[in-house]
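Engineer: One structure, pasted below without further comment.
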Amino acid sequence: MLKDIAVAAGIANLCLAYVLFTYQQLFSPYAMLAILILPVLSLLLFLFSDTLGKKPLYLVLVISFVLIISLLSLAYIHVAPNTYLNVARVFLLVTLASSISLLFVYFVGKVHASRFGFGILYALLLIILGSALAYILMYGFSNIQWNGVDELAANYYSAYLALHGVNPYTSSMQPIYNARHVFPTVLLNGSYEDFYAYPALSFLAYVPFVAIGIGSYSFMPFIALLIFFVISAAAILYIYSGRNLNLFIPLSIWLIACYSLAGVSNVFIVSIFVVLAYIFAKRSFLSGIFLGIAASVTQLAWFALPFFYIMTFNKKRGLSMQVFGTVVSFLLINAVFIILSPSAFISNTFGILSTHSLVFFGQNIAQFFYAFYPVSQAYLSILSITVLLFSMLVYYLYPKSARLLIALAPIFIFFLSWRNISIYGLTYIPLLLAVYYGKEGKDEVDRIKDKRYIVYGILLIIVIFSIFAVYSHNAYAANNLISINKVYPIIGVSSYGYYLNGFIANVTNNAEQNETVSFYIISRNPNNEAYVLGSLLPQLAAGSTRNYTVNFSLPLVDNKTRIFIFAFSKDYITSNVIVLSQLK
């Protein structure tokens, strides 16, 4: 039971990191660092759950966990003191939806045991009720109609294009973004990511909804698809665990996180197939097919592939068939689009892994670096690749002790990357539970018995990259390609009080070439954000300084209003903060 509580606490830590790490934290390096401690505690709880209670280290971990939760709760209350009622309502609905889902898992287990019964009817009813409650949860407390995110909009639009004989990989996604008023991902060159950037199954899954004429991609079909895959994954885990009731503890936390943080359904479609790939690991070709299906949905699945292959290699059987199954299923699903436009398909789907995009929100160390301690663009890529290779080596040498790394490594690669949002890590939690509660891996033997080498390796990476961070920051500051020298807010007065009508930013370009400068603005009290693309502004000539007038309207500003301004180009990111302390 203590082991199950440790795993549940680790998942809770991850979910709290996702919930608390919003763009608001960019105003506080201390809050950001405190929240980044949560996934570190999760990693410790996961890796050492099997020996919980045997060493005093875990008493320290539990005390630290309680203290961090308390501090974060106080920080949250300070940020949003008037949200108690809505928070209570949301948690009530989340609890109801999760309870219904868990009852569905119970009935699935009953049906599986008896092979037949009225449990199927009950399950269908619970799916409907769970979907309705999830819908209320996601949309019931917002005064603004949610139009989806760019990935979801592109999924639906690509399905529409495919049904009409148009190749989505050679088409612009801008029409659907304009129609739905969705902000796509911003690129460092001052433009939008308007191409389709995901494998084919990511939109083929939506073809049935588009084919029957459903026009709103942000309505129940998305919720129904999400609930279907989330509950399916839960049901499979429950059956695979031998209907272990202890699984309900971490499973309920995962379900709550799914209902609270869901953004797109593709990440949950991936979760069910990576779980199936693990469950059927002894059937190498079938496992490879499931991996190929997952890899055809989103690039998130790609990070798990090397760990599956290492697991199969350690068992000394079936690696070639597993790889063959992955390649065959991936090519079959994507073949038409690869044949029609090989260069577009490859550049679009693999280009998303590069550093040309920019995300100013999410739970990753990149947020801290480019807000408070900027480093070169290559730093995070090298760090992520190093940790990925180190995790693969540890998983190879310690197949028994470190078997949870098959799910943990991708999660923590996302935390070290530049583009980790609140749904990425949730994808691998079902796989984590399958590894933890399943029978696979119980008979594996570590190649090295002494675990201290893992600790030595982690410490070595921390030391090297701490030194590298200082060097990278100094190199970044020495170049100083773009700098915001001064920001002048444009304040107006109305009968209701002060309002912001934009600002003037004095920017210098010290580079040897012209730069296209874009702005991203985040405000607090009131909360708002906006992009101003460089394509809409004059270029900044080499070795010159100019004033940019940026429109950013905010009503009812006061002395507590703070505005975070990022100026960025393809070579550089810099920031500045406005505090409207001069208002009386």
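Ligands are numbered from 1 in the order shown, residues from 1 within each chain, and chains are lettered A, B, ... in the order they appear in the structure tokens.
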List as a list of chain:residue names the protein and nucleic acid residues near Ile491 in chain A, meaning an atom at most 7 Å away when only C-alpha atoms are counted, but skip any in the same chain fewer than 5 places from it.
Structural biologist: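 The residues satisfying every condition are A:Tyr498, A:Tyr499, A:Leu500, A:Asn501.
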Engineer: Mind checking DSSP for range 161-370 of chain A and telling me the alpha helix (DSSP H) residues as a PyMOL selection string?
Structural biologist: chain A and resi 161-163+174-180+201-204+207-211+220-240+248-261+266-279+284-295+305-314+319-340+342-351+365-370
Engineer: As an exercise, work out the distance from CA of Leu340 in chain A to CA of Ser158 in chain A in Å and give it to one decimal place.
Structural biologist: 14.9 Å
Engineer: Restricting the calculation to only C-alpha atoms: of A:Val517, A:Leu481, A:Ile176, A:Ile423, which residue gets closest to Ser376 in chain A?
Structural biologist: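 Distance minimum relative to Ser376 in chain A lands on A:Leu481.
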Engineer: Counting only C-alpha atoms, what is within 7 Å of range 264-277 of chain A, bar same-chain residues fewer than 6 positions away, as a list in words?
Structural biologist: Leu152, Ser202, Phe222, Leu225, Leu226, Phe229, Val230, Ala233, Ser287, Gly288, Phe290, Leu291, Ala294, Val297, Thr298, Ala301, Tyr424, Thr427, Tyr428, Pro430, Leu431 and Ala434 of chain A
Engineer: State, in Å with one decimal place, the distance from CA of Met321 in chain A to CA of Leu426 in chain A.
Structural biologist: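 About the pair CA of Met321 in chain A and CA of Leu426 in chain A: they are 28.7 Å apart.
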Engineer: I'd like the contact shell of Ile454 in chain A - 12 Å cut-off, only C-alpha atoms, skipping same-chain residues fewer than 4 positions apart - returned as a list of chain:residue names.
Structural biologist: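 The filter keeps A:Leu47, A:Phe390, A:Ser391, A:Met392, A:Leu393, A:Val394, A:Tyr395, A:Tyr396, A:Leu397, A:Tyr398, A:Ser401, A:Ala402, A:Ile448, A:Lys449, A:Asp450, A:Ile458, A:Leu459, A:Leu460, A:Ile461.
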Engineer: Excluding range 13-18 of chain A and any residue of its chain fewer than 2 positions from it, enumerate the residues within 9 Å of it, using only C-alpha atoms, and give them as a PDB file with C-alpha atoms, in the first residue's frame.
Structural biologist:
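Now in around.pdb:
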```
ATOM      1  CA  ALA A   8       0.038   8.279  -6.415  1.00  0.00           C
ATOM      2  CA  ALA A   9       1.990  11.086  -4.708  1.00  0.00           C
ATOM      3  CA  GLY A  10       4.383  11.197  -7.664  1.00  0.00           C
ATOM      4  CA  ILE A  11       1.515  11.512 -10.138  1.00  0.00           C
ATOM      5  CA  LEU A  20       0.301  25.585 -11.177  1.00  0.00           C
ATOM      6  CA  PHE A  21       2.832  26.321 -13.915  1.00  0.00           C
ATOM      7  CA  THR A  22       0.899  28.875 -15.938  1.00  0.00           C
ATOM      8  CA  ILE A  35       7.073  24.329  -9.002  1.00  0.00           C
ATOM      9  CA  LEU A  36       9.958  22.750 -10.916  1.00  0.00           C
ATOM     10  CA  ILE A  37      10.857  20.908  -7.687  1.00  0.00           C
ATOM     11  CA  LEU A  38       7.594  18.956  -7.987  1.00  0.00           C
ATOM     12  CA  PRO A  39       8.640  16.782 -10.945  1.00  0.00           C
ATOM     13  CA  VAL A  40      11.998  16.156  -9.248  1.00  0.00           C
ATOM     14  CA  LEU A  41      10.152  14.855  -6.179  1.00  0.00           C
ATOM     15  CA  SER A  42       7.980  12.781  -8.501  1.00  0.00           C
ATOM     16  CA  PHE A  65       6.221  17.085  -0.274  1.00  0.00           C
ATOM     17  CA  ILE A  69       2.243  21.647  -1.374  1.00  0.00           C
ATOM     18  CA  ILE A 253      -5.546  11.170  -9.833  1.00  0.00           C
ATOM     19  CA  TRP A 254      -4.750  10.637 -13.504  1.00  0.00           C
ATOM     20  CA  ALA A 257      -5.884  15.537 -14.303  1.00  0.00           C
ATOM     21  CA  LEU A 261      -6.195  19.782 -18.116  1.00  0.00           C
ATOM     22  CA  GLY A 362       4.118  25.244 -20.107  1.00  0.00           C
ATOM     23  CA  GLN A 363       5.969  23.256 -17.499  1.00  0.00           C
ATOM     24  CA  ILE A 421       2.482  21.931 -22.115  1.00  0.00           C
ATOM     25  CA  SER A 422       0.037  20.620 -19.554  1.00  0.00           C
ATOM     26  CA  ILE A 423      -1.039  17.522 -21.495  1.00  0.00           C
ATOM     27  CA  GLY A 425       3.332  14.242 -19.483  1.00  0.00           C
ATOM     28  CA  LEU A 426      -0.194  12.921 -18.871  1.00  0.00           C
TER      29      LEU A 426
END
```
Engineer: I'd like the neighbourhood of Tyr488 in chain A as a PyMOL selection string, where a residue qualifies if any of its atoms comes within 7 Å (using only C-alpha atoms), though same-chain residues fewer than 6 positions away should be ignored.
Structural biologist: chain A and resi 503-505
Engineer: Write a file of the just-selected residues containing all heavy atoms, as a PDB file, in the first residue's frame.
Structural biologist:
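Saved as again.pdb:
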```pdb
ATOM      1  N   PHE A 503       2.227  50.524 -25.573  1.00  0.00           N
ATOM      2  CA  PHE A 503       3.495  50.983 -25.022  1.00  0.00           C
ATOM      3  C   PHE A 503       4.469  51.240 -26.167  1.00  0.00           C
ATOM      4  O   PHE A 503       4.270  50.792 -27.299  1.00  0.00           O
ATOM      5  CB  PHE A 503       4.076  49.962 -24.030  1.00  0.00           C
ATOM      6  CG  PHE A 503       4.308  48.603 -24.616  1.00  0.00           C
ATOM      7  CD1 PHE A 503       5.494  48.286 -25.267  1.00  0.00           C
ATOM      8  CD2 PHE A 503       3.346  47.618 -24.519  1.00  0.00           C
ATOM      9  CE1 PHE A 503       5.717  47.043 -25.810  1.00  0.00           C
ATOM     10  CE2 PHE A 503       3.544  46.358 -25.060  1.00  0.00           C
ATOM     11  CZ  PHE A 503       4.735  46.071 -25.703  1.00  0.00           C
ATOM     12  N   ILE A 504       5.516  51.985 -25.847  1.00  0.00           N
ATOM     13  CA  ILE A 504       6.599  52.249 -26.796  1.00  0.00           C
ATOM     14  C   ILE A 504       7.849  51.563 -26.273  1.00  0.00           C
ATOM     15  O   ILE A 504       8.281  51.816 -25.144  1.00  0.00           O
ATOM     16  CB  ILE A 504       6.841  53.762 -26.963  1.00  0.00           C
ATOM     17  CG1 ILE A 504       5.580  54.444 -27.505  1.00  0.00           C
ATOM     18  CG2 ILE A 504       8.023  54.011 -27.896  1.00  0.00           C
ATOM     19  CD1 ILE A 504       5.681  55.957 -27.521  1.00  0.00           C
ATOM     20  N   ALA A 505       8.410  50.676 -27.087  1.00  0.00           N
ATOM     21  CA  ALA A 505       9.615  49.939 -26.697  1.00  0.00           C
ATOM     22  C   ALA A 505      10.798  50.433 -27.505  1.00  0.00           C
ATOM     23  O   ALA A 505      10.756  50.452 -28.737  1.00  0.00           O
ATOM     24  CB  ALA A 505       9.407  48.440 -26.915  1.00  0.00           C
TER      25      ALA A 505
END
```
Engineer: Applying 7 Å and only C-alpha atoms, which residues near Ala530 in chain A remain after dropping the ones on its own chain fewer than 4 positions away? List them as an mmCIF file with all heavy atoms, in the first residue's frame.
Structural biologist:
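Output (around13.cif):
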```cif
data_model
loop_
_atom_site.group_PDB
_atom_site.id
_atom_site.type_symbol
_atom_site.label_atom_id
_atom_site.label_comp_id
_atom_site.auth_asym_id
_atom_site.auth_seq_id
_atom_site.Cartn_x
_atom_site.Cartn_y
_atom_site.Cartn_z
ATOM 1 N N TYR A 520 5.873 39.490 -27.669
ATOM 2 C CA TYR A 520 4.866 38.711 -26.954
ATOM 3 C C TYR A 520 4.683 39.369 -25.606
ATOM 4 O O TYR A 520 5.656 39.616 -24.879
ATOM 5 C CB TYR A 520 5.315 37.257 -26.785
ATOM 6 C CG TYR A 520 4.340 36.414 -26.013
ATOM 7 C CD1 TYR A 520 3.048 36.205 -26.486
ATOM 8 C CD2 TYR A 520 4.696 35.822 -24.812
ATOM 9 C CE1 TYR A 520 2.146 35.426 -25.784
ATOM 10 C CE2 TYR A 520 3.805 35.035 -24.097
ATOM 11 C CZ TYR A 520 2.533 34.846 -24.590
ATOM 12 O OH TYR A 520 1.640 34.074 -23.887
ATOM 13 N N ILE A 521 3.430 39.680 -25.248
ATOM 14 C CA ILE A 521 3.141 40.475 -24.057
ATOM 15 C C ILE A 521 2.228 39.690 -23.129
ATOM 16 O O ILE A 521 1.220 39.117 -23.565
ATOM 17 C CB ILE A 521 2.470 41.812 -24.429
ATOM 18 C CG1 ILE A 521 3.247 42.509 -25.549
ATOM 19 C CG2 ILE A 521 2.386 42.720 -23.219
ATOM 20 C CD1 ILE A 521 2.566 42.454 -26.882
ATOM 21 N N ILE A 522 2.598 39.645 -21.852
ATOM 22 C CA ILE A 522 1.794 39.002 -20.825
ATOM 23 C C ILE A 522 1.534 40.027 -19.726
ATOM 24 O O ILE A 522 2.461 40.684 -19.260
ATOM 25 C CB ILE A 522 2.527 37.795 -20.216
ATOM 26 C CG1 ILE A 522 2.859 36.762 -21.285
ATOM 27 C CG2 ILE A 522 1.699 37.149 -19.103
ATOM 28 C CD1 ILE A 522 3.773 35.667 -20.812
#
```
Engineer: Identify which of the residues A:Phe313, A:Trp302, A:Phe330, A:Phe372 lies closest to Leu353 in chain A, counting only C-alpha atoms when measuring atom-to-atom distances.
Structural biologist: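 Closest residue, counting only C-alpha atoms: A:Trp302.
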